[in-house]
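Student: Sharing entry-v4.cif below, mmCIF, C-alpha atoms:
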```
data_start
#
loop_
_atom_site.label_atom_id
_atom_site.label_comp_id
_atom_site.auth_asym_id
_atom_site.auth_seq_id
_atom_site.Cartn_x
_atom_site.Cartn_y
_atom_site.Cartn_z
CA MET A 1 -49.58 5.80 34.51
CA ARG A 2 -50.54 2.13 34.66
CA TYR A 3 -47.02 1.43 35.84
CA PHE A 4 -47.30 3.66 38.91
CA GLU A 5 -50.68 2.19 39.79
CA ASP A 6 -49.14 -1.28 39.66
CA VAL A 7 -46.29 -0.20 41.91
CA VAL A 8 -48.71 1.37 44.39
CA VAL A 9 -50.88 -1.76 44.47
CA LEU A 10 -47.86 -4.01 45.03
CA THR A 11 -46.48 -1.77 47.76
CA ARG A 12 -49.87 -1.64 49.43
CA LYS A 13 -50.06 -5.42 49.38
CA ASP A 14 -46.76 -5.70 51.28
CA LEU A 15 -47.64 -3.01 53.79
CA LEU A 16 -51.05 -4.57 54.45
CA LEU A 17 -49.49 -7.99 54.88
CA GLU A 18 -47.05 -6.60 57.41
CA LEU A 19 -49.80 -4.71 59.21
CA ARG A 20 -51.80 -7.91 59.65
CA ALA A 21 -49.07 -10.48 60.26
CA ARG A 22 -46.48 -8.24 61.99
CA ASP A 23 -43.66 -10.55 60.96
CA THR A 24 -40.75 -8.30 60.10
CA LEU A 25 -40.98 -4.87 61.67
CA PRO A 26 -41.04 -5.85 65.37
CA ALA A 27 -38.00 -8.05 64.79
CA MET A 28 -36.18 -5.18 63.05
CA LEU A 29 -37.00 -2.75 65.87
CA LEU A 30 -35.84 -5.10 68.60
CA PHE A 31 -32.75 -6.01 66.64
CA VAL A 32 -31.62 -2.45 66.03
CA VAL A 33 -32.05 -1.40 69.67
CA ALA A 34 -30.31 -4.57 70.89
CA ALA A 35 -27.49 -3.93 68.41
CA LEU A 36 -27.01 -0.40 69.77
CA VAL A 37 -26.76 -1.78 73.30
CA VAL A 38 -24.20 -4.35 72.12
CA PHE A 39 -22.21 -1.55 70.47
CA HIS A 40 -22.10 0.36 73.73
CA PHE A 41 -20.29 -2.54 75.32
CA ALA A 42 -18.17 -3.18 72.24
CA LEU A 43 -16.70 0.34 72.35
CA PRO A 44 -13.96 1.18 74.83
CA ALA A 45 -14.71 4.13 77.11
CA ASP A 46 -12.42 6.54 75.26
CA ALA A 47 -13.53 5.57 71.75
CA GLY A 48 -15.32 8.88 71.23
CA GLU A 49 -18.31 10.06 69.26
CA LEU A 50 -17.00 9.26 65.80
CA ALA A 51 -16.64 5.55 66.49
CA GLY A 52 -20.27 5.48 67.63
CA LEU A 53 -21.37 7.14 64.39
CA GLY A 54 -19.48 4.50 62.44
CA LEU A 55 -21.26 1.75 64.32
CA LEU A 56 -24.63 3.37 63.64
CA TRP A 57 -24.03 2.48 60.00
CA VAL A 58 -23.22 -1.10 60.87
CA ALA A 59 -26.51 -1.28 62.76
CA ILE A 60 -28.45 0.16 59.81
CA VAL A 61 -26.94 -2.22 57.27
CA PHE A 62 -27.55 -5.30 59.39
CA THR A 63 -31.06 -4.26 60.35
CA ALA A 64 -31.83 -3.81 56.67
CA LEU A 65 -30.36 -7.26 55.98
CA LEU A 66 -32.59 -8.76 58.64
CA GLY A 67 -35.71 -7.32 57.03
CA LEU A 68 -34.63 -8.01 53.46
CA SER A 69 -33.80 -11.66 54.09
CA ARG A 70 -37.50 -12.29 54.60
CA ALA A 71 -38.72 -9.88 51.94
CA TRP A 72 -39.72 -12.50 49.38
CA THR A 73 -40.65 -15.30 51.77
CA PRO A 74 -44.44 -14.77 51.54
CA GLU A 75 -44.25 -14.66 47.74
CA ARG A 76 -42.25 -17.87 47.60
CA GLU A 77 -44.18 -19.87 50.18
CA GLN A 78 -47.57 -19.12 48.69
CA GLY A 79 -46.41 -19.21 45.07
CA VAL A 80 -47.47 -15.59 44.62
CA ILE A 81 -44.41 -14.79 42.56
CA ASP A 82 -45.63 -16.96 39.66
CA GLY A 83 -48.91 -15.09 39.67
CA LEU A 84 -47.16 -11.74 39.72
CA VAL A 85 -44.92 -12.71 36.81
CA LEU A 86 -47.94 -13.86 34.81
CA ALA A 87 -49.86 -10.67 35.56
CA PRO A 88 -50.09 -8.24 32.63
CA ALA A 89 -47.76 -5.70 34.21
CA ASP A 90 -44.15 -4.68 33.75
CA ARG A 91 -42.00 -7.05 35.84
CA SER A 92 -39.86 -4.25 37.17
CA ALA A 93 -42.96 -2.98 39.00
CA ILE A 94 -42.66 -6.07 41.24
CA TRP A 95 -39.17 -4.97 42.22
CA ALA A 96 -40.20 -1.34 42.67
CA GLY A 97 -43.10 -2.29 44.93
CA LYS A 98 -40.90 -4.51 47.06
CA ALA A 99 -38.15 -1.89 47.28
CA ILE A 100 -40.61 0.81 48.39
CA ALA A 101 -42.15 -1.51 51.00
CA SER A 102 -38.68 -2.41 52.31
CA PHE A 103 -37.86 1.28 52.44
CA ALA A 104 -40.97 1.89 54.54
CA PHE A 105 -39.97 -0.84 57.00
CA LEU A 106 -36.39 0.35 57.24
CA ALA A 107 -37.47 3.97 57.72
CA ALA A 108 -39.90 2.88 60.43
CA ALA A 109 -37.09 1.00 62.19
CA GLU A 110 -34.91 4.10 61.96
CA VAL A 111 -37.60 6.33 63.43
CA VAL A 112 -36.89 4.35 66.60
CA ALA A 113 -33.19 3.69 66.02
CA LEU A 114 -32.02 7.27 65.42
CA PRO A 115 -33.54 8.76 68.60
CA ALA A 116 -32.27 5.73 70.50
CA PHE A 117 -28.82 6.39 69.07
CA GLY A 118 -29.09 10.05 70.06
CA LEU A 119 -30.04 8.97 73.56
CA PHE A 120 -27.37 6.31 74.01
CA PHE A 121 -24.44 7.83 72.14
CA SER A 122 -24.42 11.32 70.69
CA GLY A 123 -26.68 13.86 69.08
CA LEU A 124 -27.43 13.69 65.38
CA ASP A 125 -27.40 16.51 62.87
CA ALA A 126 -29.26 17.02 59.62
CA ALA A 127 -26.39 15.60 57.55
CA VAL A 128 -26.66 12.23 59.29
CA VAL A 129 -30.41 12.08 58.73
CA ALA A 130 -30.04 13.07 55.08
CA GLY A 131 -27.29 10.46 54.69
CA VAL A 132 -29.46 7.79 56.28
CA LEU A 133 -32.40 8.59 53.99
CA LEU A 134 -30.26 8.54 50.84
CA ALA A 135 -28.54 5.36 51.95
CA ASP A 136 -31.89 3.68 52.64
CA VAL A 137 -32.90 4.22 49.03
CA GLY A 138 -29.76 2.46 47.79
CA ILE A 139 -29.92 -0.28 50.42
CA CYS A 140 -33.54 -1.09 49.63
CA ALA A 141 -33.17 -0.87 45.85
CA VAL A 142 -30.17 -3.19 45.74
CA GLY A 143 -31.35 -5.26 48.70
CA ALA A 144 -34.82 -6.02 47.34
CA PHE A 145 -33.21 -7.00 44.05
CA LEU A 146 -30.58 -9.29 45.59
CA ALA A 147 -33.14 -10.79 47.96
CA ALA A 148 -35.09 -11.87 44.88
CA VAL A 149 -31.88 -13.28 43.38
CA SER A 150 -31.05 -15.24 46.52
CA ALA A 151 -34.65 -16.44 46.87
CA ALA A 152 -34.24 -18.09 43.46
CA THR A 153 -31.23 -20.12 44.61
CA ARG A 154 -30.85 -23.24 46.70
CA ALA A 155 -29.04 -21.41 49.50
CA ARG A 156 -31.93 -18.92 49.91
CA GLU A 157 -31.44 -16.46 52.81
CA LEU A 158 -27.90 -17.65 53.43
CA LEU A 159 -26.71 -16.13 50.20
CA LEU A 160 -28.14 -12.63 50.65
CA PRO A 161 -25.49 -11.21 53.03
CA VAL A 162 -22.71 -12.63 50.86
CA LEU A 163 -24.13 -11.01 47.73
CA PHE A 164 -25.18 -7.82 49.47
CA LEU A 165 -22.24 -6.73 51.64
CA PRO A 166 -19.64 -6.16 48.87
CA LEU A 167 -22.19 -4.00 47.06
CA VAL A 168 -23.06 -2.03 50.17
CA ILE A 169 -19.46 -0.97 50.97
CA PRO A 170 -19.77 2.23 48.88
CA ILE A 171 -22.96 3.12 50.78
CA VAL A 172 -21.18 2.71 54.10
CA VAL A 173 -18.34 4.92 52.83
CA GLY A 174 -20.78 7.62 51.73
CA GLY A 175 -22.87 7.38 54.88
CA VAL A 176 -19.98 7.43 57.32
CA GLY A 177 -18.36 10.25 55.35
CA ALA A 178 -21.56 12.30 55.55
CA SER A 179 -21.79 11.61 59.29
CA VAL A 180 -18.25 12.28 60.48
CA THR A 181 -16.84 15.00 58.21
CA ASP A 182 -17.50 18.71 58.23
CA ALA A 183 -18.30 18.87 54.53
CA PRO A 184 -20.99 16.23 53.97
CA ALA A 185 -22.19 17.57 50.59
CA ARG A 186 -19.91 15.45 48.40
CA TYR A 187 -20.71 12.29 50.35
CA LEU A 188 -24.43 12.94 50.00
CA ALA A 189 -23.91 13.54 46.29
CA PHE A 190 -22.03 10.26 46.09
CA LEU A 191 -24.89 8.44 47.82
CA ALA A 192 -27.36 9.99 45.38
CA LEU A 193 -25.16 8.88 42.47
CA TYR A 194 -25.04 5.35 43.86
CA ASP A 195 -28.83 5.29 44.27
CA ALA A 196 -29.42 6.50 40.74
CA LEU A 197 -26.92 4.08 39.14
CA PHE A 198 -27.96 0.95 40.97
CA ALA A 199 -31.68 1.67 40.98
CA THR A 200 -31.52 2.01 37.19
CA LEU A 201 -29.57 -1.21 36.88
CA CYS A 202 -32.00 -3.09 39.14
CA TRP A 203 -34.99 -1.65 37.34
CA ALA A 204 -33.63 -2.65 33.96
CA SER A 205 -32.53 -6.17 34.86
CA PHE A 206 -35.18 -7.37 37.31
CA GLU A 207 -37.16 -9.06 34.56
CA TYR A 208 -34.33 -11.57 34.08
CA VAL A 209 -34.38 -12.54 37.75
CA VAL A 210 -38.01 -13.66 37.79
CA THR A 211 -38.32 -15.06 34.28
CA GLU A 212 -36.44 -17.72 32.36
CA MET B 213 2.65 -20.59 22.63
CA LEU B 214 2.55 -16.85 22.14
CA ALA B 215 1.70 -16.41 25.79
CA GLY B 216 4.66 -18.55 26.87
CA GLY B 217 7.05 -16.71 24.56
CA LEU B 218 5.87 -13.32 25.72
CA LEU B 219 6.12 -14.35 29.37
CA VAL B 220 9.73 -15.50 28.88
CA ALA B 221 10.52 -12.25 27.05
CA ALA B 222 8.86 -10.21 29.79
CA VAL B 223 10.74 -11.97 32.57
CA ALA B 224 14.03 -11.54 30.67
CA LEU B 225 13.35 -7.85 30.10
CA ILE B 226 12.35 -7.34 33.72
CA ALA B 227 15.45 -9.12 34.95
CA TYR B 228 18.09 -7.68 32.61
CA TYR B 229 16.76 -4.71 30.64
CA ALA B 230 14.64 -2.55 32.92
CA PRO B 231 16.78 -0.23 35.05
CA LEU B 232 16.73 -0.45 38.84
CA ASP B 233 14.50 2.06 40.52
CA ALA B 234 16.47 4.77 42.32
CA ASP B 235 14.34 4.69 45.48
CA GLN B 236 13.07 1.18 45.79
CA GLY B 237 15.81 -0.82 44.10
CA LEU B 238 15.09 -4.43 43.27
CA SER B 239 11.69 -4.56 44.92
CA GLN B 240 10.31 -2.15 42.34
CA LYS B 241 10.55 -4.92 39.75
CA ILE B 242 7.41 -6.52 41.13
CA PHE B 243 5.63 -3.52 39.61
CA TYR B 244 6.03 -5.20 36.22
CA PHE B 245 4.02 -8.15 37.47
CA HIS B 246 1.60 -6.43 39.80
CA VAL B 247 0.21 -3.72 37.54
CA PRO B 248 -0.14 -5.82 34.36
CA ILE B 249 -1.86 -8.56 36.38
CA ALA B 250 -4.27 -5.99 37.85
CA LEU B 251 -5.06 -4.51 34.42
CA THR B 252 -5.55 -8.01 33.02
CA ALA B 253 -8.00 -8.79 35.83
CA TYR B 254 -10.01 -5.70 34.86
CA ALA B 255 -9.96 -6.82 31.24
CA CYS B 256 -11.28 -10.26 32.27
CA PHE B 257 -14.08 -8.77 34.38
CA GLY B 258 -14.99 -6.41 31.55
CA TRP B 259 -15.02 -9.25 29.02
CA GLY B 260 -17.13 -11.36 31.38
CA ALA B 261 -19.65 -8.54 31.75
CA TRP B 262 -19.78 -8.03 27.99
CA LYS B 263 -20.55 -11.73 27.54
CA ALA B 264 -23.12 -11.46 30.33
CA LEU B 265 -24.80 -8.65 28.44
CA ARG B 266 -24.91 -10.92 25.39
CA VAL B 267 -26.62 -13.61 27.49
CA LEU B 268 -29.42 -11.25 28.49
CA TRP B 269 -29.68 -9.28 25.31
CA LYS B 270 -29.16 -11.75 22.47
CA ARG B 271 -30.02 -14.94 24.38
CA ASP B 272 -26.64 -16.23 23.32
CA GLU B 273 -26.33 -19.62 25.05
CA ASP B 274 -22.56 -20.02 24.64
CA ALA B 275 -21.99 -16.62 26.19
CA ASP B 276 -23.00 -17.87 29.64
CA LEU B 277 -20.06 -20.25 29.84
CA GLU B 278 -17.73 -17.66 28.29
CA SER B 279 -18.81 -15.09 30.84
CA TYR B 280 -18.25 -17.52 33.68
CA VAL B 281 -14.80 -18.55 32.45
CA ALA B 282 -13.74 -14.92 31.94
CA ILE B 283 -14.81 -14.02 35.46
CA HIS B 284 -13.08 -17.11 36.80
CA GLN B 285 -9.82 -15.99 35.14
CA GLY B 286 -10.42 -12.46 36.39
CA THR B 287 -10.79 -13.70 39.94
CA ILE B 288 -7.58 -15.72 39.68
CA PHE B 289 -5.73 -12.68 38.38
CA GLY B 290 -7.42 -10.57 41.06
CA ALA B 291 -6.13 -12.93 43.75
CA LEU B 292 -2.66 -12.72 42.20
CA THR B 293 -2.93 -8.93 42.29
CA LEU B 294 -3.66 -9.09 46.00
CA VAL B 295 -0.70 -11.42 46.58
CA THR B 296 1.81 -9.43 44.50
CA GLY B 297 0.50 -6.16 45.93
CA SER B 298 0.89 -7.51 49.43
CA ILE B 299 4.48 -8.57 48.73
CA TRP B 300 5.23 -5.17 47.24
CA ALA B 301 3.70 -3.43 50.26
CA ARG B 302 5.89 -5.58 52.53
CA ALA B 303 9.01 -4.76 50.53
CA SER B 304 8.47 -1.01 50.25
CA TRP B 305 6.40 -0.07 53.32
CA GLY B 306 7.26 -2.91 55.69
CA VAL B 307 3.68 -4.09 56.16
CA TRP B 308 1.80 -6.89 54.44
CA TRP B 309 -1.40 -4.92 54.18
CA SER B 310 -2.06 -1.21 53.92
CA TRP B 311 -5.49 0.35 53.74
CA SER B 312 -3.96 3.42 52.15
CA SER B 313 -3.23 1.54 48.95
CA ARG B 314 -6.29 2.22 46.85
CA GLN B 315 -5.76 -0.50 44.30
CA LEU B 316 -5.33 -3.19 46.94
CA VAL B 317 -8.49 -2.18 48.79
CA LEU B 318 -10.42 -2.04 45.53
CA PHE B 319 -9.21 -5.50 44.61
CA LEU B 320 -10.21 -6.82 48.01
CA VAL B 321 -13.76 -5.51 47.49
CA LEU B 322 -13.86 -6.95 43.98
CA PHE B 323 -12.46 -10.24 45.18
CA LEU B 324 -15.24 -10.54 47.76
CA PHE B 325 -17.81 -9.55 45.16
CA TYR B 326 -16.68 -12.11 42.60
CA CYS B 327 -16.36 -14.86 45.21
CA ALA B 328 -20.03 -14.19 45.92
CA TYR B 329 -20.61 -14.57 42.17
CA PHE B 330 -19.33 -18.14 42.36
CA MET B 331 -21.46 -18.89 45.42
CA LEU B 332 -24.48 -17.61 43.55
CA ARG B 333 -23.67 -19.59 40.44
CA PHE B 334 -23.11 -22.86 42.26
CA SER B 335 -26.33 -22.69 44.23
CA VAL B 336 -28.58 -22.61 41.17
CA GLU B 337 -29.34 -25.58 38.94
CA PRO B 338 -27.75 -25.27 35.48
CA GLY B 339 -30.07 -23.78 32.92
CA GLN B 340 -31.50 -20.53 31.68
CA ARG B 341 -32.29 -19.37 35.22
CA ARG B 342 -28.66 -19.74 36.27
CA ALA B 343 -27.44 -18.01 33.13
CA ASN B 344 -29.75 -15.06 33.85
CA LEU B 345 -28.84 -14.68 37.51
CA SER B 346 -25.09 -14.98 36.88
CA ALA B 347 -25.27 -12.51 34.02
CA VAL B 348 -27.20 -9.95 36.06
CA TYR B 349 -24.72 -10.23 38.92
CA ALA B 350 -21.77 -9.92 36.53
CA LEU B 351 -23.27 -6.68 35.22
CA PHE B 352 -23.51 -5.39 38.79
CA GLY B 353 -19.77 -6.03 38.99
CA VAL B 354 -18.78 -3.63 36.23
CA VAL B 355 -20.92 -0.91 37.79
CA LEU B 356 -19.40 -1.65 41.18
CA ILE B 357 -15.80 -1.25 39.94
CA PRO B 358 -15.96 2.53 39.22
CA VAL B 359 -18.35 3.18 42.13
CA SER B 360 -16.02 1.42 44.59
CA PHE B 361 -13.04 3.21 43.12
CA LEU B 362 -14.76 6.52 43.77
CA ALA B 363 -15.85 5.37 47.24
CA ILE B 364 -12.31 4.39 48.21
CA ARG B 365 -10.99 7.76 47.05
CA LEU B 366 -13.67 9.49 49.12
CA ALA B 367 -13.01 7.26 52.13
CA GLU B 368 -9.34 8.25 52.16
CA ASP B 369 -10.32 11.79 53.03
CA PHE B 370 -11.68 10.82 56.40
CA ILE B 371 -9.59 7.75 57.13
CA HIS B 372 -6.26 9.11 55.87
CA PRO B 373 -6.42 12.90 55.81
CA THR B 374 -3.02 13.27 54.14
CA VAL B 375 -3.12 13.45 50.39
CA PHE B 376 -0.52 11.38 48.67
CA THR B 377 0.26 11.46 45.00
CA SER B 378 -0.10 8.38 42.91
CA HIS B 379 3.11 6.88 41.53
CA GLY B 380 5.55 9.73 41.94
CA PRO B 381 8.20 9.33 39.29
CA GLN B 382 7.34 9.13 35.63
CA MET B 383 8.49 6.00 33.90
CA SER B 384 11.53 6.12 31.66
CA GLY B 385 11.31 4.75 28.14
CA SER B 386 12.94 1.42 28.88
CA MET B 387 10.73 0.93 31.93
CA PHE B 388 7.64 1.69 29.91
CA PHE B 389 8.67 -0.70 27.17
CA THR B 390 9.24 -3.49 29.70
CA PHE B 391 5.91 -2.67 31.29
CA CYS B 392 4.10 -2.94 27.96
CA VAL B 393 5.72 -6.28 27.15
CA ALA B 394 4.80 -7.58 30.60
CA TRP B 395 1.24 -6.41 30.13
CA ALA B 396 0.98 -8.03 26.71
CA ALA B 397 2.38 -11.22 28.22
CA MET B 398 -0.22 -11.20 31.00
CA LEU B 399 -3.06 -10.54 28.56
CA ALA B 400 -1.84 -13.36 26.32
CA THR B 401 -1.55 -15.68 29.32
CA ALA B 402 -5.06 -14.81 30.47
CA PHE B 403 -6.37 -15.39 26.96
CA ALA B 404 -4.57 -18.74 26.70
CA LEU B 405 -5.93 -19.86 30.08
CA TYR B 406 -9.37 -18.63 29.08
CA SER B 407 -9.32 -20.63 25.84
CA ILE B 408 -8.03 -23.75 27.57
CA GLU B 409 -10.61 -23.59 30.36
CA LEU B 410 -13.39 -22.87 27.88
CA ALA B 411 -12.37 -25.81 25.68
CA GLY B 412 -12.16 -28.07 28.73
CA LYS B 413 -15.55 -27.02 30.04
CA ARG B 414 -17.16 -27.48 26.62
CA LEU B 415 -15.62 -30.92 26.28
CA ASP B 416 -16.99 -31.80 29.72
CA PHE B 417 -20.40 -30.61 28.71
CA ARG B 418 -20.43 -32.62 25.50
CA LEU B 419 -19.15 -35.70 27.28
CA ARG B 420 -22.01 -35.44 29.76
CA GLU B 421 -24.48 -35.08 26.93
CA LEU B 422 -23.09 -38.15 25.19
CA LYS B 423 -23.22 -40.13 28.43
CA GLU B 424 -26.84 -39.20 28.89
CA LEU B 425 -27.57 -40.28 25.34
CA LEU B 426 -25.94 -43.66 25.95
CA THR B 427 -27.75 -44.45 29.16
#
```
Show me, as structure tokens, the structure contained in the file I just sent.

Tutor:
Amino acid sequence: MRYFEDVVVLTRKDLLLELRARDTLPAMLLFVVAALVVFHFALPADAGELAGLGLLWVAIVFTALLGLSRAWTPEREQGVIDGLVLAPADRSAIWAGKAIASFAFLAAAEVVALPAFGLFFSGLDAAVVAGVLLADVGICAVGAFLAAVSAATRARELLLPVLFLPLVIPIVVGGVGASVTDAPARYLAFLALYDALFATLCWASFEYVVTE
Amino acid sequence: MLAGGLLVAAVALIAYYAPLDADQGLSQKIFYFHVPIALTAYACFGWGAWKALRVLWKRDEDADLESYVAIHQGTIFGALTLVTGSIWARASWGVWWSWSSRQLVLFLVLFLFYCAYFMLRFSVEPGQRRANLSAVYALFGVVLIPVSFLAIRLAEDFIHPTVFTSHGPQMSGSMFFTFCVAWAAMLATAFALYSIELAGKRLDFRLRELKELLT
């Protein structure tokens, strides 16, 4: 159970840091609402409900990107990452803690974004919410991992969207499918499969990202 | 040598031996380039990921370069797949690009993914760190291939509600034989290019080492 304690401690550290500094979450909230307003003007009048639901997914992915691009900045600037790697804990716990913290931020942003979407565009049903939750798991698992990869490069934040977007295409397919079709079950199952596959891969290979 | 011979044989077979397709006529012949090139690209990506696994697992230092070169060849063949597929789409459907062609969409996603691989690789200083990051990303690639394939199949249901069957007519014997020769030729070509690039890169590396020793 040491492992879970480590993950909890690392998650708590990120949440506490955000609570005190308020760096990321306000930016994500403002961004997602502003993006929804932009989408209103980007859609022609007769575009219909389904186009709006598609754009909701664009908003979610880019809001997540905004938060993730800064996910490892405190660690890097203060040299915390070296300390974490030296700590007598499994390295994958560092990734798990960061992914859970990112998930918390993204979910908090969506607590505002989904009602705002319902207000501006169309009502949401349970399938959309379930799709968003499942997609968040995948986005944060892969995103926290790739943010660590891009933080280790010279290009830093610039590289994250380039690495992230090709990997997130299946999530968008699953999410949009769950939102716009009448039979969302298989799309939700697909999202769950994606989460399981990529979370396992990230968990197994994170050690190689932070060590040499 | 073998690759060149096989390529000549394949082109000759495609031009003179394989029968014309009843529906598509001459334009169907690009099939003998397009599909073998696509399968060869998969083989390259798979080989690159296998070498990447060796980097992480066995700490095999040569495998890093081998993985990179394999993925480089795979990306070149992937780009060729996109080009030949686009020409085929133009010839048979009248458009240069069609989102309803699963293979083309999949290759577009993979092409973007592996271009990002090069961006990643070239923004890290050479060394163990770069080998690790490249290898991890290459492993993501082989997981992404089946997942994207599944995703594109699922996406068709809400983007294109009509179900269409994959490659209608079965291949006749002579077509299949030509196809196999073309595939062998592509694999041999990829392997030849892979060996040449690997030898070149290794020579470069040794030359740089010698230069450093001299200065």

Student: What are the residues of chain B that have an atom within 8 Å of an atom of chain A, counting only C-alpha atoms, as a PyMOL selection string?

Tutor: chain B and resi 268+321-322+324-325+328-329+331-332+335-336+340-341+344-345+348+352+355-356+359-360+363-364+366-367+370

Student: Expand the PyMOL selection byres ((chain B and resi 252) around 9) into the explicit residue set it covers here, and present it as number ranges by chain.

Tutor: B: 247-251, 253-257, 286, 289-290, 395, 398-399, 402

Student: Hey, what comes out of the PyMOL selection byres ((chain A and resi 120) around 12) on this file? Could you write it as a PDB file with C-alpha atoms, in the frame of the given file?

Tutor:
```
ATOM      1  CA  VAL A  33     -32.050  -1.400  69.670  1.00  0.00           C
ATOM      2  CA  ALA A  34     -30.310  -4.570  70.890  1.00  0.00           C
ATOM      3  CA  ALA A  35     -27.490  -3.930  68.410  1.00  0.00           C
ATOM      4  CA  LEU A  36     -27.010  -0.400  69.770  1.00  0.00           C
ATOM      5  CA  VAL A  37     -26.760  -1.780  73.300  1.00  0.00           C
ATOM      6  CA  VAL A  38     -24.200  -4.350  72.120  1.00  0.00           C
ATOM      7  CA  PHE A  39     -22.210  -1.550  70.470  1.00  0.00           C
ATOM      8  CA  HIS A  40     -22.100   0.360  73.730  1.00  0.00           C
ATOM      9  CA  PHE A  41     -20.290  -2.540  75.320  1.00  0.00           C
ATOM     10  CA  GLU A  49     -18.310  10.060  69.260  1.00  0.00           C
ATOM     11  CA  GLY A  52     -20.270   5.480  67.630  1.00  0.00           C
ATOM     12  CA  LEU A  53     -21.370   7.140  64.390  1.00  0.00           C
ATOM     13  CA  LEU A  56     -24.630   3.370  63.640  1.00  0.00           C
ATOM     14  CA  ALA A 113     -33.190   3.690  66.020  1.00  0.00           C
ATOM     15  CA  LEU A 114     -32.020   7.270  65.420  1.00  0.00           C
ATOM     16  CA  PRO A 115     -33.540   8.760  68.600  1.00  0.00           C
ATOM     17  CA  ALA A 116     -32.270   5.730  70.500  1.00  0.00           C
ATOM     18  CA  PHE A 117     -28.820   6.390  69.070  1.00  0.00           C
ATOM     19  CA  GLY A 118     -29.090  10.050  70.060  1.00  0.00           C
ATOM     20  CA  LEU A 119     -30.040   8.970  73.560  1.00  0.00           C
ATOM     21  CA  PHE A 121     -24.440   7.830  72.140  1.00  0.00           C
ATOM     22  CA  SER A 122     -24.420  11.320  70.690  1.00  0.00           C
ATOM     23  CA  GLY A 123     -26.680  13.860  69.080  1.00  0.00           C
ATOM     24  CA  LEU A 124     -27.430  13.690  65.380  1.00  0.00           C
TER      25      LEU A 124
END
```

Student: Grab the atom CA of B:Arg418 to atom CA of B:Asp272 distance for me, in Å with one decimal place.

Tutor: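 Here the two named atoms are 17.7 Å from each other.
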
Student: Point out the residue among A:Ala64, A:Leu84, A:Val111, A:Ala42 with the least atom-to-atom distance to A:Ala141, counting only C-alpha atoms.

Tutor: A:Ala64

Student: What does the distance from atom CA of A:Ala27 to atom CA of A:Val132 come to in Å, to one decimal?

Tutor: 19.9 Å

Student: When you look at B:Ala215 with a cut-off of 6 Å (counting all atoms listed in the file), what residues show up, excluding the ones that are within fewer than 6 positions of it in the same chain? I need them as a count of residues only.

Tutor: 3

Student: Would you list the contacts of B:Ser279 as number ranges by chain, taking every protein, DNA or RNA residue within 9 Å and counting all atoms listed in the file, but skipping same-chain residues closer than 3 positions in sequence?

Tutor: B: 257, 259-264, 267, 274-276, 282-284, 346-347, 350

Student: Could you work out how far atom CA of A:Leu188 lies from atom CA of A:Ile100, giving the answer in Å with one decimal?

Tutor: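 Value for the atom CA of A:Ile100-atom CA of A:Leu188 distance: 20.3 Å.
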